[in-house]
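Visitor: So that we are looking at the same thing, I have put the structure below in structure tokens.
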Amino acid sequence: MPDKVKLYIDGKEVEVPAGTTILDAAKKVGATVPTLCYHPDLKPTGACGVCVVEIEGSPIPKRSCCTPVAEGMKVRTNSVKLRQMRKTVIEMILSNHDVECPSCVANGKCELQDLANNMGVDVDALYKILDYKPLDETSVAIIRDPNKCIACGRCIIVCSEIQTVHAITFADRGFEVNVNTFFKEGLGNSVCVNCGQCTVFCPTGALKERSEIDYVWEALLDPEKIVVVQEAPALRVTLGEEFGMEPGTVTVGKMYAALKRLGFDYVFDTNFSADLTIMEEGTELVNRIKEGGPIPLITSCSPGWIKFMETYFPDFAKYTSTCKSPQQMFGTLAKTYFAKEYNLDPSKIVSVSIMPCTAKKFEARRPEMRDSGYQDVDYVLTTREFVRMIKEAGIDFKNLPEEKADDLMGAYTGAATIFGATGGVMEAAVRSAYFLLTGENLKNLDIEAVRGMKGIKEAELEIAGMNLKVAVAHGLGNARKLLTKVRKQIEETGKSEYAFIEIMACPGGCVGGGGQPYGSDLARRARRGEGLYKEDKDLPMRCSHENPAVKRVYEKFLGAPGSDIAHRLLHTCYFERDIEKGTCVKELTHKH
Amino acid sequence: MSLQRMHILIPIDEESIQNGALEVKRRLNKELFKHRVEEEVKVLETGPIGISGKGVVLIIYPDKVYYYNVKPKDVKYIVEEHILKGKVCTKIENSKEIEKKKNVVDYENIGLTRKQPRVVLDKCCIVNTFDLEEVIARGGYAALEKILEENISPEAVIEEIKKSGLRGRGGAGFPTGLKWEFTRKASGDEKFVICNADEGEPGTYKDRLILEGDPHKLIEAMIIAGYAVGAEKGYIYVRGEYELSIKRLNKAIKDAKDVGLLGDNILETGLNFDIEVKKGAGAYVCGEETALIESLEGKRGQPRIKPPYPVTHGLWQKPTVVNNVETLANVPAIILRGADWYRSLGTEKSPGTKVFTVLGDVEYPGLIEVEMGTPLREIINAYGGGVRNGKKFKAALVGGAAGVFLSEKLLDVKMDFENLKEHTAVLGSGAILVMNEDASIVEMLFSILKFFAHESCGQCSPCRIGTRHLLELIYKIKTGEGELEDLDKMLHIAETMRNLSLCPLGQSVIMPVASAINNFKEDFIKKINNKNNMKEVSYA
């Protein structure tokens with residue numbers, strides 16, 4: 001087979017590598033073929049048929065998203081017939097779609113809406129043939145609206161092939177086809193890890209987070225309540241996208257300002273507890289290495305990964321760090337340390353977190369996450385929900401003057417910021433572990449080997465005469481691949497080649513989280529990540545152990561990293577989960 | 001072995017079992033024993049004869065007499081009168097309803113049993129095909145033997161099939177030899193032969209006849225296909241409802257293995273080939289080869305995106321040849337008698353024979369095998385016995401649900417791939433459903449569209465939603481609520497589906513829709529105007 005193929009698209013000659021799809025080749029000559037179910041990060045499903053093109057000699061048009069080019073092929077991307085057929089198929093899809101755009105969360109970002117509008121279709125061209133079905137509201141994190149589903153199959157591909165969770169698949173057939181879980185028990189009673197990638201890839205509003213906006217507004221407008229808010233690292237580089245800014249623009253000051261205008265009483269930052277996590281996790285790593293504990297140590301910040309581990313890799317619970325995620329560390333401290341320092345009644349504190357993540361909603365509601373004596377984190381909003389609140393309040397985000405976070409739990413370092421990108425936790429931990437072992441900072445704080453969008457990254461580091469091999473995986477499919485290899489190594493040789501592994505459930509890390517703005521592909525996720533690395537570079541402090549607020553919390557409240565009180569408040573335990581329903585079967589690790 | 005003066009053939013298939021064939025057979029044996037003639041008169045269980053709606057059938061040799069609608073209580077009479085006294089029973093006693101009718105006809109001269117150039121069905125209902133020795137005596141496995149004996153190379157086998165012009169009998173009519181050649185040339189450490197026996201086309205049961213009547217022919221053909229393409233493993237994907245076929249296939253496979261015709265080191269030549277029978281779960285779309293492969297792999301049965309085609313990326317992504325039962329059943333005869341002989345049958349571009357299922361308002365519904373290119377009129381009149389009860393012919397639905405409605409004007413069309421294509425019709429599965437003057441095309445189209453809406457896999461939007469829209473529209477028309485513009489809408493939706501659907505299921509819905517609307521527009525307009533209360537006959 002020749003490496004290069006020459007073909008003609010709309011009369012223009014183009015040469016592309018063999019195996020290229022017609023769609024990609026058409027882009028090269030500037031011909032835009034409309035698409036709907038196609039997504040650049042996913043294997044094409046060929047469901048919608050919108051992207052058809054005419055090929056000379058072919059009796060019927062072919063889908064450009066999944067038809068490879070051939071030598072000498074003559075392609076037409078537009079014609080009266082193609083235009084008519086594309087319109088008809090979109091009209092068909094609309095006739096089977098709950099067109100309630102103004103009240104839909106995807107309004108303005110809906111790919112079906114855009115396409116229908118661009119193509120100038122008639123919404124009423126065909127009879128409405130939608131049999132209304134009940135929403136799947138079984139999950140605490142994700143709601144599925146079958147009436148808006150266009151059965152493109154993206155969510156299924158991302159769930160089964162990118163994430164290898166296999167929570168959803170097509171059920172029934174023909175017109176009755178629907179995306180569903182094992183025995184149609186609903187997402188909340190399934191193996192779903194709440195990563196929310198399905199919501200990000202959904203072209204319509206058929207998949208969305210369970211909104212907690214109303215509860216937050218209620219708390220904000222209640223004069224009795226003290227509402228405390230934390231925002232995840234990844235938020236600061238994605239918020240701007242929803243207000244016309246470039247992906248990766250750092251908007252941290254505007255974010256604080258917007259939160260204050262919304263009426264939050266104390267605006268802190270999850271970055272603070274990210275630094276705290278590094279102190280606890282770094283100490284855990286150093287202790288495990290020194291005392292011969294279970295190696296490799298695996299990070300525990302990503303709640304999607306934690307549920308995945310509990311379901312598919314329960315034998316890895318002992319390797320997983322006992323540290324709570326930054327959100328939960330913050331939650332516990334908000335109702336203990338913060339309440340004590342400010343002399344507040346913890347029962348009056350409402351702790352809100354804003355996360356790029358849908359799984360955090362699940363994490364906050366895990367029954368063991370009540371070490372403060374209350375539910376540590378009361379409400380979790382996704383980036384998208386936060387944006388909706390800003391819009392509801394009529395705040396002009398883009399032109400907002402920058403403000404600062406409140407002191408006690410607001411200061412952070414560059415190490416915390418990069419938590420939001422794949423490899424960031426690893427890099428932050430290595431910076432501090434080096435310090436913990438040697439007493440001095442790394443000369444070059446940039447650990448390039450663990451950055452970037454490669455699925456599984458490896459690096460070898462020399463710290464205090466020790467050779468540490470580390471690995472980073474993002475996207476649960478990559479995690480599965482890496483851990484399967486590690487499992488085999490441990491079975492065969494008794495130990496793993498890695499000392500430390502970072503796993504993030506979502507491709508790209510939190511910048512690509514399931515709660516992030518719609519319409520993100522890998523390229524956009526990479527740009528968001530670059531924004532975080534830029535902020536890290538610009539910050540005066542870039543190592544977690546330098547954070548003054550972290551130093552203060554140990555001084556005043558926790559004692560030292562890994563102390564008894566730190567263990568009681570900042571560490572957690574894991575459960576084995578049923579592979580059919582996702583429910584807890586037994587406790588795997590005990591809390592100290 | 002004793003010498004027999006008389007053979008009683010009793011075709012046992014799903015249909016005759018329902019009509020009490022097993023009880024008839026039991027009583028036959030009992031009667032023969034009672035009269036001590038069991039040594040000289042032999043009862044043979046054969047595969048189906050291909051006649052439909054005639055209950056239990058008995059064929060008595062050497063007299064060539066054929067009884068139908070035989071009830072268990074008639075057995076005693078037949079044995080006493082015919083077997084013992086040699087008198088043909090012109091009526092069967094005690095069956096009042098049919099007393100006046102002659103339940104015996106002269107075999108080979110009437111209707112479906114009239115002499116046919118049977119290639120595929122040559123052994124059906126002639127011998128006890130479940131007795132391997134009888135099958136071999138009748139030429140079974142002779143083609144395989146010829147290949148192995150004469151050391152014919154796989155390439156030469158493919159060449160012979162190519163030369164014969166054999167085309168796929170599943171509906172698409174792709175040249176079989178080419179398919180084999182592509183699979184042979186595809187690189188892969190392992191290759192597969194799949195026999196598509198998921199016969200799901202409504203009104204078609206030609207494959208069932210072969211599976212029930214001559215399973216060894218299929219096994220032989222699959223071994224030859226495996227030898228030709230370089231595969232050592234074959235699967236027969238059988239429609240789940242075909243329980244008897246599955247039972248008989250498994251028995252045939254076991255028998256063949258026991259004598260070394262199948263399995264490792266076939267006939268001690270070093271050739272290996274094994275066959276496994278897989279049961280389908282009833283989805284029509286699994287008759288599409290890639291959906292079949294998905295189903296075989298244990299996945300949801302829905303078509304794959306093509307290319308790549310199964311010849312390079314089939315079962316488990318390995319080169320795979322998927323052939324219909326009837327296609328394969330042609331292979332042994334071609335090998336044995338040569339491509340030139342095969343080309344003497346049928347037409348230039350569609351050589352060989354074709355098995356047709358003739359159903360509906362005909363005198364003798366059932367299966368026939370005739371040469372390609374036989375005119376439709378001849379099939380209906382000469383073999384089907386014409387329209388039943390002296391009614392007038394109205395339409396024939398040719399090719400199954402995804403076929404076309406042909407009006408009387410097209411009765412002289414020759415039944416082969418090319419001629420039908422000229423009239424935008426298809427050979428499809430070879431089903432011919434004849435409708436008389438009382439039939440309603442609107443009702444019939446409603447049934448068909450209901451079928452498609454039910455059987456669409458739902459993978460691609462044009463088919464998933466289009467089939468439902470078509471069903472809604474035809475329902476509107478059927479219930480007298482329709483408007484003239486609905487016809488255009490139906491044609492437009494079906495045309496969009498033809499162009500945008502992923503697989504032949506959605507692509508072919510246009511065939512019945514367009515042919516019904518174009519050839520029988522009167523029916524639709526009458527319905528829409530609601531002027532004529534037509535007597536409705538539903539075939540659903």
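Residues in the structure tokens are numbered from 1 in each chain, the chains being A, B, ... in the order shown, and ligands are numbered from 1 in the order shown.
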Using only C-alpha atoms and a cut-off of 9 Å, which residues of chain A sit close to chain B? Please list them as a count of residues only.

Guide: 40

Visitor: Could you list, as a ChimeraX atom specification, every residue within 9 Å of A:Asp578, counting only C-alpha atoms and ignoring same-chain residues fewer than 2 positions away?

Guide: /A:190-191,310-311,576,580-585

Visitor: Could you check which of A:Met119, A:Val179, A:Ala317, A:Met245 is closest to A:Cys198, using only C-alpha atoms?

Guide: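 Looking at the shortest contact to A:Cys198, the residue is A:Val179.
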
Visitor: Stretch 298-308 of chain A: which residues within 8 Å, counting only C-alpha atoms, same-chain residues fewer than 4 positions away excluded, as a list in words?

Guide: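 Close residues of stretch 298-308 of chain A: Val165, Val193, Asn194, Cys195, Glu281, Tyr312, Phe313, Tyr319, Thr320, Ser321, Thr322, Cys323, Lys324, Ser325, Pro326, Ala359, Lys360, Phe362, Glu363, Val425, Leu476, Phe500, Ile501, Glu502, Ile503, Met504, Ala505 and Arg577 of chain A.
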
Visitor: From stretch 90-156 of chain A, collect each residue whose DSSP state is strand (DSSP E or B) and return the set as a compact mmCIF listing (two decimals) with N, CA and C atoms, in the first residue's frame.

Guide:
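Result file states_9.txt:
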```
# COMPACT_ATOMS: atom_id res chain seq x y z
N ASP A 136 -33.20 9.66 34.05
CA ASP A 136 -32.46 8.82 34.98
C ASP A 136 -31.87 9.73 36.05
N ILE A 142 -24.74 12.61 38.02
CA ILE A 142 -25.07 12.80 36.61
C ILE A 142 -26.54 12.48 36.35
N ILE A 143 -27.17 13.33 35.58
CA ILE A 143 -28.57 13.09 35.21
C ILE A 143 -28.63 12.86 33.70
N ARG A 144 -29.41 11.86 33.31
CA ARG A 144 -29.51 11.52 31.91
C ARG A 144 -30.93 11.76 31.43
```

Visitor: Identify, on the basis of only C-alpha atoms, every residue whose closest approach to B:Gly55 does not exceed 8 Å; exclude the query and any residue fewer than 5 positions from it along the same chain; express the result as a PyMOL selection string.

Guide: chain B and resi 15-16+19+68-70

Visitor: With C-alpha atoms retained, export the selected residues as a PDB file, in the first residue's frame.

Guide:
```pdb
ATOM      1  CA  GLU B  15     -43.961 -27.571   9.654  1.00  0.00           C
ATOM      2  CA  SER B  16     -44.798 -31.247   9.264  1.00  0.00           C
ATOM      3  CA  ASN B  19     -48.983 -31.242  11.750  1.00  0.00           C
ATOM      4  CA  TYR B  68     -50.845 -34.855   1.545  1.00  0.00           C
ATOM      5  CA  ASN B  69     -52.757 -33.718   4.599  1.00  0.00           C
ATOM      6  CA  VAL B  70     -52.288 -37.177   6.034  1.00  0.00           C
TER       7      VAL B  70
END
```
